[in-house]
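The structure under discussion appears below in the form of structure tokens.
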Amino acid sequence: MNDVVTEENVQQRIGKLAALRDSIAEAIVGQDEVVEQLLIGLLAGGHCLLEGVPGLGKTLLVRSLGEALNLEFRRIQFTPDLMPSDILGTEILEEDHGTGKRVFKFQKGPVFTSLLLADELNRTPPKTQAALLEAMQEHTVSYAGITYPLPQPFFVLATQNPLEQAGTYPLPEAQLDRFLLHVRVDYPSEAEERSIIARTTGRATGKVREVMNGEEVIALQQLVREVHVSDDLMDWITRLVRASRPQHSEIAEVREWVRWGAGPRAGQSLVLAAKARALIHGRLAVTREDIKALASPVLRHRLLLSFAAEAERRSPDDVVEVLLRAVALPG
């Protein structure tokens, strides 16, 4: 989709983002912040790691997003016996009815979709985790020397249950860094929970309407890259990320609580996520509020805490709060 970017079609695309949120709200009660962060991940061209207990509507949310975007959706339940071929695909032996010859044909796995829900990713061994994360990074699958491109757009939402850790394989820090955002899914408010119970136990349920398609999503992803970030805000993001590293930080809490800070990819992710949030809110320039709103989702999975922090029951979000207070906005 290579149409000329004009003020008119920019505003039209921004308007569709509002319609997209309204459409998802037909099926999802509340969770406005979670929905916004998933849309940010989609528009920024990244992937999201969702953390929340079972039963909070994560599968319904992803399916609703796929319906509103007219994108194919698939779900993989990760288990200890899942193999890479169960995700990526495998070769099968087929007979050519015309010649009678037998040939190997690649049978594509469920990763060949536009929206993929990787449910309980930490319940599968590292080899299988790595196979999915490589596909996320490269947007391709290589098998028997042949490279197969994944559909575009390609968006992965992986989930983790924060309570049950027995029999899990926690993602290494280098693989966690592949996710643009770490999204926390909390319990709904009392009013929202009552609405959910009433809506899901009656006859009628909300129907998600199609708002846009894959080509329009790709156009919005390209538009995100055009959103402006001032030099002052770019400097601030750089200083925030660098200040998270205890080896170079002048912040006492960081030196005490953090074993390993965020890498350069965190800065890239924060810039792209802030650009996507600005666009969702109808702006073509990033503000300080965009950065503050996304600092925790971008950084929380990229900070390795010290034993001292764990003893004090400190969380990565506590570190981010200190960073936002201590690192002054330039100018």
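Just remember, in the structure tokens the first chain shown is A, the second B, etc., residues are 1-based per chain, and ligands are 1-based in the order shown.
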DSSP-assigned alpha helix (DSSP H) members of range 98-308 of chain A, reported as a PyMOL selection string
chain A and resi 126-138+173-176+190-200+214-224+231-243+252-257+264-280+288-299+307-308
Near-range 230-240 of chain A list (12 Å; only C-alpha atoms; drop same-chain fewer than 6 positions) as number ranges by chain
A: 248-251, 254, 261-275, 284-292, 294-296, 298-299, 319-331
Go through A:Gly15, A:Pro188, A:Pro126, A:Gly52 one by one, measure the shortest atom-to-atom distance of each to Asp32 in chain A using only C-alpha atoms, and give the residue with the smallest value.
A:Pro188
Using only C-alpha atoms, which of A:Arg63, A:His182, A:His47, A:Lys101 sits nearest Lys207 in chain A?
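Among the listed residues, A:Arg63 lies closest to Lys207 in chain A.
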Give me, as a PDB file with N, CA and C atoms, in the first residue's frame, all polymer residues having an atom no more than 9 Å from Leu115 in chain A, counting only C-alpha atoms and skipping those fewer than 4 positions away in the same chain.
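As written to disk, part-v3.pdb reads:
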```
ATOM      1  N   VAL A  62      -7.468 -11.473  21.848  1.00  0.00           N
ATOM      2  CA  VAL A  62      -6.690 -11.657  20.618  1.00  0.00           C
ATOM      3  C   VAL A  62      -7.604 -12.032  19.457  1.00  0.00           C
ATOM      4  N   ARG A  63      -8.585 -12.909  19.724  1.00  0.00           N
ATOM      5  CA  ARG A  63      -9.520 -13.296  18.663  1.00  0.00           C
ATOM      6  C   ARG A  63     -10.333 -12.086  18.200  1.00  0.00           C
ATOM      7  N   LEU A  65      -9.412  -8.967  18.318  1.00  0.00           N
ATOM      8  CA  LEU A  65      -8.510  -8.118  17.543  1.00  0.00           C
ATOM      9  C   LEU A  65      -8.388  -8.634  16.113  1.00  0.00           C
ATOM     10  N   GLY A  66      -8.276  -9.953  15.958  1.00  0.00           N
ATOM     11  CA  GLY A  66      -8.183 -10.531  14.621  1.00  0.00           C
ATOM     12  C   GLY A  66      -9.441 -10.306  13.806  1.00  0.00           C
ATOM     13  N   LEU A  71      -7.917 -10.402  10.197  1.00  0.00           N
ATOM     14  CA  LEU A  71      -6.658 -11.133  10.112  1.00  0.00           C
ATOM     15  C   LEU A  71      -6.861 -12.550  10.642  1.00  0.00           C
ATOM     16  N   GLU A  72      -6.129 -13.489  10.068  1.00  0.00           N
ATOM     17  CA  GLU A  72      -6.198 -14.870  10.526  1.00  0.00           C
ATOM     18  C   GLU A  72      -5.608 -14.982  11.929  1.00  0.00           C
ATOM     19  N   PHE A  73      -6.289 -15.724  12.806  1.00  0.00           N
ATOM     20  CA  PHE A  73      -5.851 -15.895  14.186  1.00  0.00           C
ATOM     21  C   PHE A  73      -5.685 -17.376  14.493  1.00  0.00           C
ATOM     22  N   ARG A  74      -4.579 -17.708  15.154  1.00  0.00           N
ATOM     23  CA  ARG A  74      -4.374 -19.080  15.624  1.00  0.00           C
ATOM     24  C   ARG A  74      -3.828 -19.048  17.048  1.00  0.00           C
ATOM     25  N   ARG A  75      -4.109 -20.127  17.766  1.00  0.00           N
ATOM     26  CA  ARG A  75      -3.663 -20.255  19.148  1.00  0.00           C
ATOM     27  C   ARG A  75      -2.887 -21.550  19.304  1.00  0.00           C
ATOM     28  N   VAL A 111       2.404 -21.328  13.009  1.00  0.00           N
ATOM     29  CA  VAL A 111       3.060 -20.031  13.072  1.00  0.00           C
ATOM     30  C   VAL A 111       2.774 -19.202  11.818  1.00  0.00           C
ATOM     31  N   PRO A 153       0.710  -8.395   8.149  1.00  0.00           N
ATOM     32  CA  PRO A 153       1.519  -8.259   9.362  1.00  0.00           C
ATOM     33  C   PRO A 153       1.581  -9.569  10.136  1.00  0.00           C
ATOM     34  N   PHE A 154       2.610  -9.680  10.993  1.00  0.00           N
ATOM     35  CA  PHE A 154       2.794 -10.856  11.829  1.00  0.00           C
ATOM     36  C   PHE A 154       2.970 -10.385  13.262  1.00  0.00           C
ATOM     37  N   PHE A 155       2.051 -10.803  14.138  1.00  0.00           N
ATOM     38  CA  PHE A 155       1.992 -10.277  15.501  1.00  0.00           C
ATOM     39  C   PHE A 155       1.813 -11.436  16.467  1.00  0.00           C
ATOM     40  N   VAL A 156       2.745 -11.569  17.422  1.00  0.00           N
ATOM     41  CA  VAL A 156       2.697 -12.643  18.407  1.00  0.00           C
ATOM     42  C   VAL A 156       2.372 -12.068  19.779  1.00  0.00           C
ATOM     43  N   LEU A 157       1.412 -12.693  20.441  1.00  0.00           N
ATOM     44  CA  LEU A 157       1.125 -12.386  21.834  1.00  0.00           C
ATOM     45  C   LEU A 157       1.364 -13.658  22.628  1.00  0.00           C
TER      46      LEU A 157
END
```
Those of range 243-323 of chain A in DSSP strand (DSSP E or B), formatted as a ChimeraX atom specification:
/A:258-260,285,304-305
Residue with smallest distance to His139 in chain A - pool A:Ala293, A:Leu49, A:Leu88, A:Ala191, counting only C-alpha atoms:
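Counting only C-alpha atoms, the residue closest to His139 in chain A is A:Leu88.
For Val10 in chain A, the non-local neighbours within 12 Å, defined as residues at least 6 positions apart in the same chain or in other chains and counting only C-alpha atoms, are Asp3, Val4, Lys16, Leu17, Glu216, Ala219, Leu220, Gln222, Leu223, Val224, Glu226, Val227, Leu279, Ile280, Gly282, Arg283 and Leu284 of chain A.
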Rounded to one decimal place, report the CA of Ala276 in chain A-CA of Gln12 in chain A distance in Å.
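One can read the CA of Ala276 in chain A to CA of Gln12 in chain A distance as 15.8 Å.
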Return as a Markdown table the residues of range 263-306 of chain A lying at most 9 Å from range 255-259 of chain A, together with the closest atom-to-atom pair for each and the distance in Å to one decimal, counting only C-alpha atoms, with rows in chain order and ascending residue number.
```
| residue | atom | partner | partner_atom | distance |
| --- | --- | --- | --- | --- |
| A:Leu303 | CA | A:Val258 | CA | 6.9 |
| A:Leu304 | CA | A:Arg259 | CA | 5.5 |
| A:Leu305 | CA | A:Val258 | CA | 4.4 |
| A:Ser306 | CA | A:Arg259 | CA | 4.9 |
```
A:Gln221, A:Asn161, A:Ser195, A:Gln247: which is nearest Gly55 in chain A, counting only C-alpha atoms?
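For Gly55 in chain A, the nearest of the candidates is A:Asn161.
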Please measure the separation of CA of Gln77 in chain A and CA of Glu33 in chain A, giving the value in Å to one decimal.
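CA of Gln77 in chain A sits 25.0 Å away from CA of Glu33 in chain A.
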Just how far from CA of Tyr169 in chain A is CA of Phe307 in chain A, in Å to one decimal?
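Between CA of Phe307 in chain A and CA of Tyr169 in chain A the gap is 20.4 Å.
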